[in-house]
Amino acid sequence: MDIEQKQEEIIQHFVTKASNSNASASSLATVITDATSHPSLFAFSEILSVPNVIELQGTEHSVYLDLLRMFAHGTWSEYMRIASDLPPLTPDQSRKLKQLTVLTLAEANKILPYDVLMQVLDVINVRELEDFLINECMYVGIVRGKLDQLRRCFQVQFAAGRDLRPGQLASMIHTLSSWLSTSDNLLITIQDKIKWADTTNELDKKHKKEAEERMEEAKKTLSLKLYLSMHVTYFVAEVSNSEQADIDFRGHEEMYPEPGGVMDYDEDRIRPKRRRHPLG
């Protein structure tokens, strides 16, 4: 069972007892003493709101109403300043009020120096302080944290909440309203950023598509130019070969104008010439 559920059951138990129509002032004083001594009860606003308890104001038992308010909102130091005007505390009540004092400090600061804790809790040495924080606070579950002996401080990671002080609700509502307004503005900013990102993404996709289309067009143009270049080269080579063949053929005709001409030329060269005798 978690601490919140356990608290609810204990609170309901004391509220029922305090709400008894037959409850006398002395019995209500006993209820308050028992409630403030209970080892697992750390919230008292519901008991404070019981009509029978409120009616203790102005009676001889009103000091018990003041004591209950001290446990709901006060600290050990505050009690010690007016201890003479309040009922004396039992050991269980003293321990409880010191536990509540730690919760009050943890609400405002996440780093609690040992020197501050020892002063407000009336603890005389570090060993006693650390034993109290471990056994009476962390083990009970009202706080979680780390004891830093090197820096001589208690690092708070979690602390149970205390009852709201009179007037604190309005301040809390104001704080929450400011936080809500800031959250709304932040949400609007995030939505604008999302819209900008979506628009930018669409533009990027469009530019990418256009670039890919230009690339494809360039590839087609390049392929066509290469195709034409290859065919032109082939055509030029064919023409060149044809012209060379025609030139070779014409040269052959010029060298051999008539069939057998070579033979006539050769025969003329090898035929012996007759010597003519001079006439007498």
# chains A, B, ... in the order shown; residues from 1 in each chain; ligands from 1
call {"tool": "select_by_dssp", "arguments": {"residues": "range 110-239 of chain A", "states": "strand (DSSP E)", "output": "ChimeraX atom specification"}}
result
/A:111-113,143-148,153-159
call {"tool": "write_last_selection", "arguments": {"atoms": "N, CA and C atoms", "output": "tab-separated table (two decimals), in the first residue's frame"}}
result
chain	number	residue	atom	x	y	z
A	111	ILE	N	18.67	21.21	-2.10
A	111	ILE	CA	19.94	20.97	-1.42
A	111	ILE	C	19.83	21.53	-0.01
A	112	LEU	N	19.84	20.65	0.99
A	112	LEU	CA	19.69	21.07	2.38
A	112	LEU	C	21.01	20.88	3.12
A	113	PRO	N	21.72	21.96	3.44
A	113	PRO	CA	23.00	21.84	4.16
A	113	PRO	C	22.80	21.23	5.54
A	143	VAL	N	10.40	11.31	2.22
A	143	VAL	CA	11.40	11.95	1.36
A	143	VAL	C	12.29	10.87	0.75
A	144	ARG	N	12.88	11.23	-0.38
A	144	ARG	CA	13.93	10.41	-0.99
A	144	ARG	C	15.07	11.34	-1.36
A	145	GLY	N	16.28	10.86	-1.20
A	145	GLY	CA	17.41	11.70	-1.53
A	145	GLY	C	18.73	11.01	-1.27
A	146	LYS	N	19.78	11.82	-1.29
A	146	LYS	CA	21.14	11.30	-1.13
A	146	LYS	C	21.87	12.10	-0.06
A	147	LEU	N	22.50	11.39	0.84
A	147	LEU	CA	23.33	12.04	1.86
A	147	LEU	C	24.73	12.26	1.29
A	148	ASP	N	25.12	13.50	1.17
A	148	ASP	CA	26.44	13.85	0.64
A	148	ASP	C	27.33	14.26	1.81
A	153	CYS	N	25.63	17.81	2.98
A	153	CYS	CA	24.29	18.26	2.62
A	153	CYS	C	23.42	17.05	2.26
A	154	PHE	N	22.11	17.30	2.26
A	154	PHE	CA	21.14	16.29	1.85
A	154	PHE	C	20.53	16.72	0.53
A	155	GLN	N	20.71	15.90	-0.50
A	155	GLN	CA	20.18	16.21	-1.83
A	155	GLN	C	18.80	15.59	-1.97
A	156	VAL	N	17.78	16.43	-2.04
A	156	VAL	CA	16.39	15.96	-2.08
A	156	VAL	C	16.01	15.56	-3.50
A	157	GLN	N	15.48	14.37	-3.65
A	157	GLN	CA	14.96	13.90	-4.94
A	157	GLN	C	13.43	13.87	-4.95
A	158	PHE	N	12.83	13.66	-3.79
A	158	PHE	CA	11.38	13.66	-3.67
A	158	PHE	C	11.01	14.03	-2.25
A	159	ALA	N	9.89	14.74	-2.09
A	159	ALA	CA	9.37	15.09	-0.76
A	159	ALA	C	7.85	15.14	-0.83
call {"tool": "residues_around", "arguments": {"residues": "range 57-64 of chain A", "least_positions_apart": "5", "cutoff": "10 Å", "atoms": "only C-alpha atoms", "output": "list in words"}}
result
Ala25, Ser26, Leu28, Ala29, Thr30, Val31, Ile32, Thr33, Asn52, Arg69, Met70, Asp85, Leu86 and Pro87 of chain A
call {"tool": "residues_around", "arguments": {"residues": "range 162-176 of chain A", "least_positions_apart": "5", "cutoff": "6 Å", "atoms": "only C-alpha atoms", "output": "PDB file with all heavy atoms, in the first residue's frame"}}
result
ATOM      1  N   ALA A  43      -0.795  14.761   7.165  1.00  0.00           N
ATOM      2  CA  ALA A  43      -1.710  15.776   6.631  1.00  0.00           C
ATOM      3  C   ALA A  43      -2.864  15.957   7.608  1.00  0.00           C
ATOM      4  O   ALA A  43      -3.437  14.968   8.088  1.00  0.00           O
ATOM      5  CB  ALA A  43      -2.223  15.348   5.257  1.00  0.00           C
ATOM      6  N   ALA A  72      -0.197  21.182  11.052  1.00  0.00           N
ATOM      7  CA  ALA A  72      -0.619  21.307   9.651  1.00  0.00           C
ATOM      8  C   ALA A  72       0.302  22.229   8.860  1.00  0.00           C
ATOM      9  O   ALA A  72       0.623  21.958   7.691  1.00  0.00           O
ATOM     10  CB  ALA A  72      -2.060  21.828   9.591  1.00  0.00           C
ATOM     11  N   HIS A  73       0.778  23.312   9.509  1.00  0.00           N
ATOM     12  CA  HIS A  73       1.516  24.330   8.744  1.00  0.00           C
ATOM     13  C   HIS A  73       2.865  24.743   9.346  1.00  0.00           C
ATOM     14  O   HIS A  73       3.663  25.380   8.656  1.00  0.00           O
ATOM     15  CB  HIS A  73       0.660  25.601   8.605  1.00  0.00           C
ATOM     16  CG  HIS A  73      -0.730  25.347   8.125  1.00  0.00           C
ATOM     17  ND1 HIS A  73      -1.850  25.743   8.830  1.00  0.00           N
ATOM     18  CD2 HIS A  73      -1.190  24.707   7.024  1.00  0.00           C
ATOM     19  CE1 HIS A  73      -2.943  25.378   8.175  1.00  0.00           C
ATOM     20  NE2 HIS A  73      -2.578  24.739   7.078  1.00  0.00           N
TER      21      HIS A  73
END
call {"tool": "atom_distance", "arguments": {"atom1": "CA of Val15 in chain A", "atom2": "CA of Phe44 in chain A"}}
result
9.5 Å
